[in-house]
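> Dropping a structure here in structure tokens format, bear with me for questions.
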Amino acid sequence: MELIKYGIKKHPYLSLFSAWFLTFMTFGCFEVGAVLPVNYLSPVVFASAVVIFEYLFMKKKNIDDEKLKKDLIKTIIVVLSAAGYLIITLAVFSVVPHMSGMTGRNSIIPLVFLTIPIIVFSVYLTIRKKWTYYKAVVTLLSFSFVLHLFFLMYSMLIYQYDQGSFYGTEIGHFGYIKYIYTNFSLPQFDPRLKWQYYHPPLNHIICAVFMRIQTAFGVSFLTAAENLTFLPFLYYMNTLIIFHRLSLKTGLEKKYSIYILAVTAFSVGLQFTGGYINNDMLSVMFMMLAVSLSINWYKNRKISNMIPIAICFGLGMFTKLSMWMCSVPIAVLFISALIDVIRRKQFKDLRKMIGQMCVFLTISVPMSLYWSVRNLVRFGVPIAYIPVFDEPDQYILEDVTTRLFDFNLSQFSFPQVANVINGDNYNEYNPVVLLISVMSFVCMIYVLVKKHGLDPVYKLMFLLFYLVVLVSYYIFCIKYPGVCTEEIRYATPVIFIGAYFISYTLMCIDKKKKKALSLFIRSVVVLFVLLSAADIVCDGIMNAIEWMTL
């Protein structure tokens, strides 16, 4: 088991990808010739791979034969038990009644079967008092992983905005993906002529390639399209790890970073955004990664740390133009570093840093502007073009200010209930609720005004990032008062920043031994996690009941 422990601690992204790939190969849809087989082979293949790599890993560390033998026996028992359990899950999974609303399978089965080991493991650690930081992180991520898998399985492509169609006029994100899939090229016409084609293409290119790989192995086109939701699933889980590690770089202690993970891993808003096939989740991942890489550079100002920031920022802009918002926290770090060397009169270092920033611009600017400049030159499309909102059926019935600042308790109802109360066909709005309500905002103010604690540079970085996202979001909502424009996916970073300030506040008040206030904050976070998980599960069950009655 040494390899698994090493992977979780030293290479969490590789560990996550391995878990995601196993999940995709096991629970993804691979309908071939109208047959939907259950893939029993994946658990066995992955179990064998773990044992082989464990052996090679232990050999490389020059472990003595006796210890190597004991570790391999332990590893074999664990991975074979896990593979056997997964096969039993699949066996039950494959014989449930056909339910067309859930890709022909009952999504409740994997939720129940995969949650039980997590619960048992948590109870065991609690009874034996063996909780550690890494075990808590893995447990939270695992539960969030299973919950998100359940969500994307029962929702399929139901909860999607601007998805469009693969056929006929081939519009929306589906049409955009199919064009690249079919023609192996970017749109060779004015992108304003087809709905959603104005977006930068990186996400749609990745989706097209993902579908090409599947169809090359015989998976039907439509089934491959259903599997596209596995991509934002991966981006979402990656973003959780990225921001979690980012928080540690700013001085937050490990045991408090767990609360960030709890809030972000169970946020319903993020769960939904992490299931959309559009470019939202990928762009958010690039935002958080660019800021995290910028902190690396701020701490160690060398060119090898600057280049990844430039590439990440460029890729983000090639995904979605809203990536520009993370240029604000990046600029804070860059400018702070410049001021620091000027104040110290380290002019040699100043010249190096200016050179590095020129390299940043040289790499990131062409990648960032390519799509906009291409369309301007070839088709006369204005830079940063956004189509005029012209869909009457999606206009808001209530006043914009009411929708954005309403504290009515119906905001906390399940979507189906809230729809009836407000009389709208859609009712996903109100970012105020996302702050866990007011608590994270109060925590942010507390940390910002506190004289000692968080580095002033990081205070300014988080504050300006928060403000630019939220102000841009409100302006967007007021300027384009539509159903989809007021969804929180346009202000996703505020969830992460709010969670950060809750955790940092908790660390500060624990040092002051304010036990009652500390207990209150912890209780709110725990309640948020439980209610969020219940919201997703209940929504899935209600969805299942609705499909069964059709």
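Lettering and numbering for the structure tokens are positional, with chains as A, B, ... in the shown order, residues counted from 1 in each chain, and ligands counted from 1 in the shown order.
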With only C-alpha atoms as the counted atoms, please give the residues lying no more than 12 Å from Phe210 in chain A, apart from itself and same-chain residues fewer than 5 positions off, as a VMD selection string.
chain A and resid 177 to 178 180 to 181 203 to 205 215 to 217 219 221 223 to 231
> Would you mind exporting N, CA and C atoms of the selected residues as an mmCIF file, in the first residue's frame?

data_model
loop_
_atom_site.group_PDB
_atom_site.id
_atom_site.type_symbol
_atom_site.label_atom_id
_atom_site.label_comp_id
_atom_site.auth_asym_id
_atom_site.auth_seq_id
_atom_site.Cartn_x
_atom_site.Cartn_y
_atom_site.Cartn_z
ATOM 1 N N ILE A 177 -19.172 21.300 -30.797
ATOM 2 C CA ILE A 177 -18.315 20.119 -30.610
ATOM 3 C C ILE A 177 -18.373 19.220 -31.837
ATOM 4 N N LYS A 178 -19.593 19.016 -32.356
ATOM 5 C CA LYS A 178 -19.727 18.131 -33.516
ATOM 6 C C LYS A 178 -19.017 18.701 -34.736
ATOM 7 N N ILE A 180 -16.272 20.482 -34.831
ATOM 8 C CA ILE A 180 -14.837 20.183 -34.697
ATOM 9 C C ILE A 180 -14.598 18.686 -34.846
ATOM 10 N N TYR A 181 -15.485 17.878 -34.269
ATOM 11 C CA TYR A 181 -15.387 16.417 -34.363
ATOM 12 C C TYR A 181 -15.418 15.952 -35.816
ATOM 13 N N ASN A 203 -12.171 24.037 -24.873
ATOM 14 C CA ASN A 203 -13.035 23.036 -24.247
ATOM 15 C C ASN A 203 -13.729 22.174 -25.286
ATOM 16 N N HIS A 204 -14.172 22.788 -26.352
ATOM 17 C CA HIS A 204 -14.887 22.049 -27.393
ATOM 18 C C HIS A 204 -13.939 21.147 -28.192
ATOM 19 N N ILE A 205 -12.692 21.573 -28.311
ATOM 20 C CA ILE A 205 -11.685 20.723 -28.966
ATOM 21 C C ILE A 205 -11.434 19.477 -28.116
ATOM 22 N N THR A 215 -15.316 6.791 -30.052
ATOM 23 C CA THR A 215 -15.907 6.223 -31.276
ATOM 24 C C THR A 215 -14.899 5.378 -32.041
ATOM 25 N N ALA A 216 -13.605 5.657 -31.856
ATOM 26 C CA ALA A 216 -12.571 4.840 -32.508
ATOM 27 C C ALA A 216 -12.587 3.414 -31.977
ATOM 28 N N PHE A 217 -13.107 3.240 -30.749
ATOM 29 C CA PHE A 217 -13.209 1.903 -30.150
ATOM 30 C C PHE A 217 -14.610 1.312 -30.301
ATOM 31 N N VAL A 219 -17.653 2.857 -29.784
ATOM 32 C CA VAL A 219 -18.752 3.456 -29.021
ATOM 33 C C VAL A 219 -19.585 4.320 -29.959
ATOM 34 N N PHE A 221 -21.889 7.328 -31.425
ATOM 35 C CA PHE A 221 -21.673 8.778 -31.337
ATOM 36 C C PHE A 221 -22.447 9.390 -30.177
ATOM 37 N N THR A 223 -23.707 7.942 -27.512
ATOM 38 C CA THR A 223 -23.239 7.447 -26.219
ATOM 39 C C THR A 223 -21.949 8.154 -25.820
ATOM 40 N N ALA A 224 -21.072 8.354 -26.794
ATOM 41 C CA ALA A 224 -19.837 9.104 -26.529
ATOM 42 C C ALA A 224 -20.154 10.523 -26.081
ATOM 43 N N ALA A 225 -21.225 11.091 -26.650
ATOM 44 C CA ALA A 225 -21.638 12.444 -26.256
ATOM 45 C C ALA A 225 -22.115 12.466 -24.810
ATOM 46 N N GLU A 226 -22.849 11.433 -24.391
ATOM 47 C CA GLU A 226 -23.304 11.363 -23.001
ATOM 48 C C GLU A 226 -22.122 11.309 -22.038
ATOM 49 N N ASN A 227 -21.049 10.681 -22.461
ATOM 50 C CA ASN A 227 -19.870 10.553 -21.605
ATOM 51 C C ASN A 227 -19.091 11.855 -21.469
ATOM 52 N N LEU A 228 -19.463 12.869 -22.206
ATOM 53 C CA LEU A 228 -18.757 14.149 -22.111
ATOM 54 C C LEU A 228 -18.837 14.743 -20.705
ATOM 55 N N THR A 229 -19.877 14.405 -19.954
ATOM 56 C CA THR A 229 -20.010 14.958 -18.600
ATOM 57 C C THR A 229 -18.902 14.481 -17.669
ATOM 58 N N PHE A 230 -18.190 13.421 -18.055
ATOM 59 C CA PHE A 230 -17.073 12.965 -17.239
ATOM 60 C C PHE A 230 -15.905 13.955 -17.271
ATOM 61 N N LEU A 231 -15.816 14.779 -18.309
ATOM 62 C CA LEU A 231 -14.723 15.748 -18.393
ATOM 63 C C LEU A 231 -14.855 16.873 -17.362
#
> Val79 in chain A: which residues within 8 Å, counting only C-alpha atoms, same-chain residues fewer than 4 positions away excluded, as a VMD selection string?
chain A and resid 47 50 to 51 75 83
> Please return as a VMD selection string: the residues of range 100-343 of chain A that backbone DSSP assigns to helix (DSSP H, G or I).
chain A and resid 100 to 102 108 to 128 133 to 155 172 to 183 191 to 193 202 to 216 221 to 249 254 to 265 268 to 273 280 to 299 303 to 317 321 to 343
> Report, in Å with one decimal, the straight-line distance from CA of Leu147 in chain A to CA of Tyr235 in chain A.
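Going from CA of Leu147 in chain A over to CA of Tyr235 in chain A, I get 15.1 Å.
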> Find the residues near Gly269 in chain A: any atom within 8 Å, counting only C-alpha atoms, skip ones fewer than 6 places away on the same chain, and give them as an MDAnalysis selection string.
chainID A and resid 434 488:489 492
> Residues of range 464-506 of chain A that have any atom at most 12 Å from an atom of range 520-541 of chain A: could you tabulate them with the shortest-distance atom pair and the distance in Å to one decimal, using only C-alpha atoms, ordered by chain and increasing number, as a Markdown table?

| residue | atom | partner | partner_atom | distance |
| --- | --- | --- | --- | --- |
| A:Gly498 | CA | A:Val525 | CA | 11.9 |
| A:Ala499 | CA | A:Val525 | CA | 9.4 |
| A:Phe501 | CA | A:Ile521 | CA | 11.5 |
| A:Ile502 | CA | A:Ile521 | CA | 7.8 |
| A:Ser503 | CA | A:Ile521 | CA | 9.0 |
| A:Tyr504 | CA | A:Ile521 | CA | 11.3 |
| A:Thr505 | CA | A:Ile521 | CA | 9.1 |
| A:Leu506 | CA | A:Ile521 | CA | 7.2 |
> Under the rule that only C-alpha atoms are counted, which of A:Met281, A:Leu222, A:Val291, A:Ile383 is the nearest residue to Leu333 in chain A?
A:Val291
> Measuring between only C-alpha atoms, which one of A:Leu125, A:Ile116, A:Ile88, A:Ala331 shows the shortest distance to Ser142 in chain A?
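Ranked by minimum distance to Ser142 in chain A, first place goes to A:Ile116.
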> Using only C-alpha atoms, which of A:Ser294, A:Ser165, A:Asn278, A:Asn238 sits nearest Ala19 in chain A?
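Checking each of A:Ser294, A:Ser165, A:Asn278, A:Asn238 against Ala19 in chain A, counting only C-alpha atoms, the winner is A:Asn238.
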> Give me, as a PyMOL selection string, all polymer residues having an atom no more than 12 Å from range 135-137 of chain A, counting only C-alpha atoms and skipping those fewer than 5 positions away in the same chain.
chain A and resi 5+8-9+12+118+121-122+124-126+129-130+142-145+240-241+244-245+254-262+265
> Write out as a VMD selection string which residues come within 12 Å of Asp340 in chain A when counting only C-alpha atoms, dropping same-chain ones fewer than 5 positions away.
chain A and resid 298 to 299 301 333 to 335 345 to 347 349 to 350 353 457
> To one decimal in Å, tell me the separation between CA of Tyr13 in chain A and CA of Ile307 in chain A.
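These atoms are spaced 20.0 Å apart.
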> Can you tell me which residues surround Pro201 in chain A at a distance of at most 9 Å, considering only C-alpha atoms, apart from same-chain residues fewer than 4 positions away, and format the answer as a JSON list (two decimals) with all heavy atoms, in the first residue's frame?

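Result file selection.json:
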[["chain", "number", "residue", "atom", "x", "y", "z"],
["A", 176, "TYR", "N", -21.26, 22.89, -31.79],
["A", 176, "TYR", "CA", -19.87, 23.37, -31.85],
["A", 176, "TYR", "C", -18.90, 22.19, -31.75],
["A", 176, "TYR", "O", -17.94, 22.08, -32.52],
["A", 176, "TYR", "CB", -19.67, 24.35, -30.70],
["A", 176, "TYR", "CG", -18.46, 25.25, -30.77],
["A", 176, "TYR", "CD1", -18.29, 26.27, -29.83],
["A", 176, "TYR", "CD2", -17.47, 25.10, -31.74],
["A", 176, "TYR", "CE1", -17.20, 27.12, -29.86],
["A", 176, "TYR", "CE2", -16.36, 25.94, -31.78],
["A", 176, "TYR", "CZ", -16.23, 26.95, -30.82],
["A", 176, "TYR", "OH", -15.15, 27.78, -30.86],
["A", 177, "ILE", "N", -19.17, 21.30, -30.80],
["A", 177, "ILE", "CA", -18.31, 20.12, -30.61],
["A", 177, "ILE", "C", -18.37, 19.22, -31.84],
["A", 177, "ILE", "O", -17.34, 18.73, -32.33],
["A", 177, "ILE", "CB", -18.76, 19.34, -29.35],
["A", 177, "ILE", "CG1", -18.48, 20.16, -28.09],
["A", 177, "ILE", "CG2", -18.05, 17.99, -29.27],
["A", 177, "ILE", "CD1", -19.14, 19.63, -26.84],
["A", 186, "LEU", "N", -11.37, 24.36, -36.71],
["A", 186, "LEU", "CA", -12.22, 25.37, -36.08],
["A", 186, "LEU", "C", -13.26, 25.84, -37.08],
["A", 186, "LEU", "O", -13.10, 25.62, -38.30],
["A", 186, "LEU", "CB", -11.35, 26.55, -35.64],
["A", 186, "LEU", "CG", -10.25, 26.24, -34.62],
["A", 186, "LEU", "CD1", -9.42, 27.49, -34.33],
["A", 186, "LEU", "CD2", -10.84, 25.69, -33.34],
["A", 197, "TYR", "N", -21.13, 29.56, -30.94],
["A", 197, "TYR", "CA", -19.86, 29.31, -31.62],
["A", 197, "TYR", "C", -18.85, 30.44, -31.38],
["A", 197, "TYR", "O", -17.70, 30.34, -31.79],
["A", 197, "TYR", "CB", -20.08, 29.16, -33.13],
["A", 197, "TYR", "CG", -20.57, 27.81, -33.57],
["A", 197, "TYR", "CD1", -21.72, 27.24, -33.03],
["A", 197, "TYR", "CD2", -19.89, 27.08, -34.54],
["A", 197, "TYR", "CE1", -22.19, 26.01, -33.45],
["A", 197, "TYR", "CE2", -20.34, 25.84, -34.97],
["A", 197, "TYR", "CZ", -21.50, 25.31, -34.41],
["A", 197, "TYR", "OH", -21.95, 24.08, -34.84],
["A", 205, "ILE", "N", -12.69, 21.57, -28.31],
["A", 205, "ILE", "CA", -11.69, 20.72, -28.97],
["A", 205, "ILE", "C", -11.43, 19.48, -28.12],
["A", 205, "ILE", "O", -11.39, 18.35, -28.63],
["A", 205, "ILE", "CB", -10.37, 21.50, -29.16],
["A", 205, "ILE", "CG1", -10.55, 22.60, -30.22],
["A", 205, "ILE", "CG2", -9.24, 20.56, -29.60],
["A", 205, "ILE", "CD1", -9.36, 23.53, -30.34],
["A", 206, "ILE", "N", -11.26, 19.67, -26.81],
["A", 206, "ILE", "CA", -11.03, 18.54, -25.91],
["A", 206, "ILE", "C", -12.21, 17.58, -25.95],
["A", 206, "ILE", "O", -12.03, 16.35, -26.00],
["A", 206, "ILE", "CB", -10.79, 19.03, -24.47],
["A", 206, "ILE", "CG1", -9.49, 19.84, -24.39],
["A", 206, "ILE", "CG2", -10.73, 17.86, -23.49],
["A", 206, "ILE", "CD1", -9.25, 20.51, -23.05],
["A", 279, "ASN", "N", -17.81, 25.45, -21.22],
["A", 279, "ASN", "CA", -16.43, 25.77, -20.86],
["A", 279, "ASN", "C", -16.26, 26.36, -19.46],
["A", 279, "ASN", "O", -15.18, 26.79, -19.10],
["A", 279, "ASN", "CB", -15.83, 26.73, -21.88],
["A", 279, "ASN", "CG", -16.76, 27.91, -22.17],
["A", 279, "ASN", "OD1", -17.75, 28.12, -21.49],
["A", 279, "ASN", "ND2", -16.44, 28.68, -23.20],
["A", 318, "PHE", "N", -8.04, 30.77, -23.93],
["A", 318, "PHE", "CA", -8.42, 30.00, -25.12],
["A", 318, "PHE", "C", -9.61, 29.09, -24.81],
["A", 318, "PHE", "O", -10.15, 28.43, -25.70],
["A", 318, "PHE", "CB", -7.23, 29.17, -25.60],
["A", 318, "PHE", "CG", -7.33, 28.73, -27.05],
["A", 318, "PHE", "CD1", -7.57, 29.65, -28.06],
["A", 318, "PHE", "CD2", -7.17, 27.40, -27.40],
["A", 318, "PHE", "CE1", -7.67, 29.26, -29.38],
["A", 318, "PHE", "CE2", -7.26, 26.99, -28.71],
["A", 318, "PHE", "CZ", -7.50, 27.93, -29.71],
["A", 319, "THR", "N", -10.00, 29.06, -23.53],
["A", 319, "THR", "CA", -11.18, 28.31, -23.09],
["A", 319, "THR", "C", -12.39, 29.21, -22.93],
["A", 319, "THR", "O", -13.48, 28.91, -23.43],
["A", 319, "THR", "CB", -10.89, 27.60, -21.75],
["A", 319, "THR", "OG1", -9.78, 26.73, -21.90],
["A", 319, "THR", "CG2", -12.10, 26.82, -21.28],
["A", 320, "LYS", "N", -12.18, 30.33, -22.22],
["A", 320, "LYS", "CA", -13.27, 31.28, -22.00],
["A", 320, "LYS", "C", -12.66, 32.64, -21.65],
["A", 320, "LYS", "O", -11.72, 32.72, -20.86],
["A", 320, "LYS", "CB", -14.18, 30.80, -20.86],
["A", 320, "LYS", "CG", -15.47, 31.58, -20.74],
["A", 320, "LYS", "CD", -16.44, 30.93, -19.76],
["A", 320, "LYS", "CE", -17.76, 31.68, -19.74],
["A", 320, "LYS", "NZ", -18.75, 31.06, -18.85],
["A", 371, "TRP", "N", -8.01, 33.75, -30.72],
["A", 371, "TRP", "CA", -9.38, 33.52, -31.17],
["A", 371, "TRP", "C", -10.08, 34.82, -31.52],
["A", 371, "TRP", "O", -10.73, 34.93, -32.57],
["A", 371, "TRP", "CB", -10.16, 32.77, -30.08],
["A", 371, "TRP", "CG", -11.58, 32.48, -30.43],
["A", 371, "TRP", "CD1", -12.70, 33.01, -29.87],
["A", 371, "TRP", "CD2", -12.05, 31.56, -31.43],
["A", 371, "TRP", "NE1", -13.84, 32.49, -30.44],
["A", 371, "TRP", "CE2", -13.47, 31.59, -31.40],
["A", 371, "TRP", "CE3", -11.42, 30.71, -32.33],
["A", 371, "TRP", "CZ2", -14.25, 30.81, -32.26],
["A", 371, "TRP", "CZ3", -12.20, 29.93, -33.18],
["A", 371, "TRP", "CH2", -13.59, 30.00, -33.14]]
> To one decimal in Å, tell me the separation between CA of Tyr154 in chain A and CA of Phe24 in chain A.
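Computed distance, CA of Tyr154 in chain A to CA of Phe24 in chain A, equals 15.0 Å.
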> Taking only C-alpha atoms into account, which of A:Ala91, A:Val120, A:Cys477, A:Met1 comes nearest Leu72 in chain A?
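When distances to Leu72 in chain A are compared using only C-alpha atoms, the smallest one comes from A:Met1.
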